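The block underneath contains the structure these notes are about, expressed in structure tokens.
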Amino acid sequence: MLVITIKQGKEQSILAGDPWIYPASVERVDGRPQEKNKPGATAIVQTSSRRFLARAAYNAKAVQICARVWTLREDEPVDHAMIKRRVQAAIAKRAQVMAALGAEQLMQLINGEEDGLPGLFVDYYGGPQGYLLCGFQSGAAEAWKVPIVQALMAGTGCPNVFQRADELLRKGEGLPVFTRELAGIAPPAKSIVNKRGVRVYMDLKTGFEFPKGPV
């Protein structure tokens, strides 16, 4: 496993709950070269005196944020079970809203760091066929894509999962930019989305809205 050593005095922001670690705060990164070059590889974060600070996802290819904190608990491993728990917790937190969601309505189901899932953003569309629209916008989220999708499908019962891609964010993380269905079928080119009583036409694959016109 990688070990990230933080410069003396730079650990305070992590202890205060900042989920992002910047290159200027890092003294050194120790570990095997193949792990260092893998976006989202799990690392132990420690102070300059070797005191445990956190477990984080390291990404040497990222332009701005070199590591994203998973947990400040030394006894909490970063594994499939943790990913499943956090996805389930995010779904449970919004279960009432999701249950009341009508056809043609769109809601945010997972909101990245707020839900302990750095760089993961998921919308749910309650159209004729439901869709989970996922943005894996960090090396951390990309590294755990398979268990994330499995937990989403199990927790929601939705069979259709589509990967969105924010070009700027994924390029900033050194990740390839592409969109595709991860399970089930892809959403149509145009869908009707009811936004506060107003029906708009949207490409669910990108989130872009269209001028009025036939779907």
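So you can find residues: chains in the structure tokens are A, B, ... in the order shown, residues in each start at 1, and ligands are numbered from 1 in order.
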Note to self: Give me, as a ChimeraX atom specification, all polymer residues having an atom no more than 10 Å from segment 49-52 of chain A, counting only C-alpha atoms and skipping those fewer than 3 positions away in the same chain.
What the structure shows: /A:3-8,44-46,55,72-74
Checklist line | Per-residue DSSP, segment 4-197 of chain A, filtered to strand (DSSP E), as a PyMOL selection string | finding: chain A and resi 4-6+20-21+26-30+41-46+52-58+67-71+106-111+120-126+130-136+161-164+180-183+191-195
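For segment 59-71 of chain A, the residues within 6 Å (counting only C-alpha atoms, excluding itself and residues fewer than 5 positions away along the chain) are Pro19, Trp20, Ile21, Tyr22, Pro23, Pro39, Gly40, Ala54, Gly172, Glu173 and Gly174 of chain A.
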Given the selection you just returned, output its residues as a file containing N, CA and C atoms, formatted as an mmCIF file, in the first residue's frame.
data_model
loop_
_atom_site.group_PDB
_atom_site.id
_atom_site.type_symbol
_atom_site.label_atom_id
_atom_site.label_comp_id
_atom_site.auth_asym_id
_atom_site.auth_seq_id
_atom_site.Cartn_x
_atom_site.Cartn_y
_atom_site.Cartn_z
ATOM 1 N N PRO A 19 -11.552 17.089 2.708
ATOM 2 C CA PRO A 19 -11.426 15.796 2.032
ATOM 3 C C PRO A 19 -10.388 15.770 0.918
ATOM 4 N N TRP A 20 -9.772 16.910 0.619
ATOM 5 C CA TRP A 20 -8.818 16.989 -0.484
ATOM 6 C C TRP A 20 -7.411 17.256 0.024
ATOM 7 N N ILE A 21 -6.447 16.586 -0.598
ATOM 8 C CA ILE A 21 -5.037 16.782 -0.281
ATOM 9 C C ILE A 21 -4.343 17.298 -1.544
ATOM 10 N N TYR A 22 -3.633 18.411 -1.391
ATOM 11 C CA TYR A 22 -3.005 19.062 -2.544
ATOM 12 C C TYR A 22 -1.504 18.725 -2.585
ATOM 13 N N PRO A 23 -0.916 18.739 -3.797
ATOM 14 C CA PRO A 23 0.512 18.415 -3.925
ATOM 15 C C PRO A 23 1.417 19.252 -3.022
ATOM 16 N N PRO A 39 -4.485 5.530 -10.889
ATOM 17 C CA PRO A 39 -5.411 6.520 -10.328
ATOM 18 C C PRO A 39 -6.388 5.886 -9.334
ATOM 19 N N GLY A 40 -6.440 6.454 -8.143
ATOM 20 C CA GLY A 40 -7.366 5.944 -7.131
ATOM 21 C C GLY A 40 -6.793 4.879 -6.223
ATOM 22 N N ALA A 54 -5.134 9.410 7.868
ATOM 23 C CA ALA A 54 -6.292 9.042 7.056
ATOM 24 C C ALA A 54 -5.925 7.916 6.093
ATOM 25 N N GLY A 172 -8.796 16.354 -15.961
ATOM 26 C CA GLY A 172 -8.030 16.861 -14.830
ATOM 27 C C GLY A 172 -7.571 15.774 -13.877
ATOM 28 N N GLU A 173 -8.219 14.616 -13.945
ATOM 29 C CA GLU A 173 -7.837 13.464 -13.130
ATOM 30 C C GLU A 173 -7.004 12.459 -13.919
ATOM 31 N N GLY A 174 -6.697 12.790 -15.161
ATOM 32 C CA GLY A 174 -5.914 11.883 -16.006
ATOM 33 C C GLY A 174 -6.694 10.652 -16.425
#
Note to self: Applying 8 Å and only C-alpha atoms, which residues near segment 111-128 of chain A remain after dropping the ones on its own chain fewer than 5 positions away? List them as an MDAnalysis selection string.
What the structure shows: chainID A and resid 19 68:70 83 86:87 89:90 101:106 133:141
Can you write out as JSON lines which residues of segment 68-100 of chain A fall within 9 Å of segment 147-171 of chain A, alongside each residue's closest atom pair and its distance in Å to one decimal, counting only C-alpha atoms and ordering rows by chain and ascending residue number?
{"residue": "A:His80", "atom": "CA", "partner": "A:Pro147", "partner_atom": "CA", "distance": 6.3}
{"residue": "A:Ala81", "atom": "CA", "partner": "A:Pro147", "partner_atom": "CA", "distance": 8.9}
{"residue": "A:Ile83", "atom": "CA", "partner": "A:Ile148", "partner_atom": "CA", "distance": 6.6}
{"residue": "A:Lys84", "atom": "CA", "partner": "A:Ala151", "partner_atom": "CA", "distance": 5.5}
{"residue": "A:Arg85", "atom": "CA", "partner": "A:Ala151", "partner_atom": "CA", "distance": 8.6}
{"residue": "A:Val87", "atom": "CA", "partner": "A:Ala151", "partner_atom": "CA", "distance": 6.4}
{"residue": "A:Gln88", "atom": "CA", "partner": "A:Gly155", "partner_atom": "CA", "distance": 6.2}
{"residue": "A:Ile91", "atom": "CA", "partner": "A:Gly155", "partner_atom": "CA", "distance": 7.0}
{"residue": "A:Ala92", "atom": "CA", "partner": "A:Gly155", "partner_atom": "CA", "distance": 8.6}
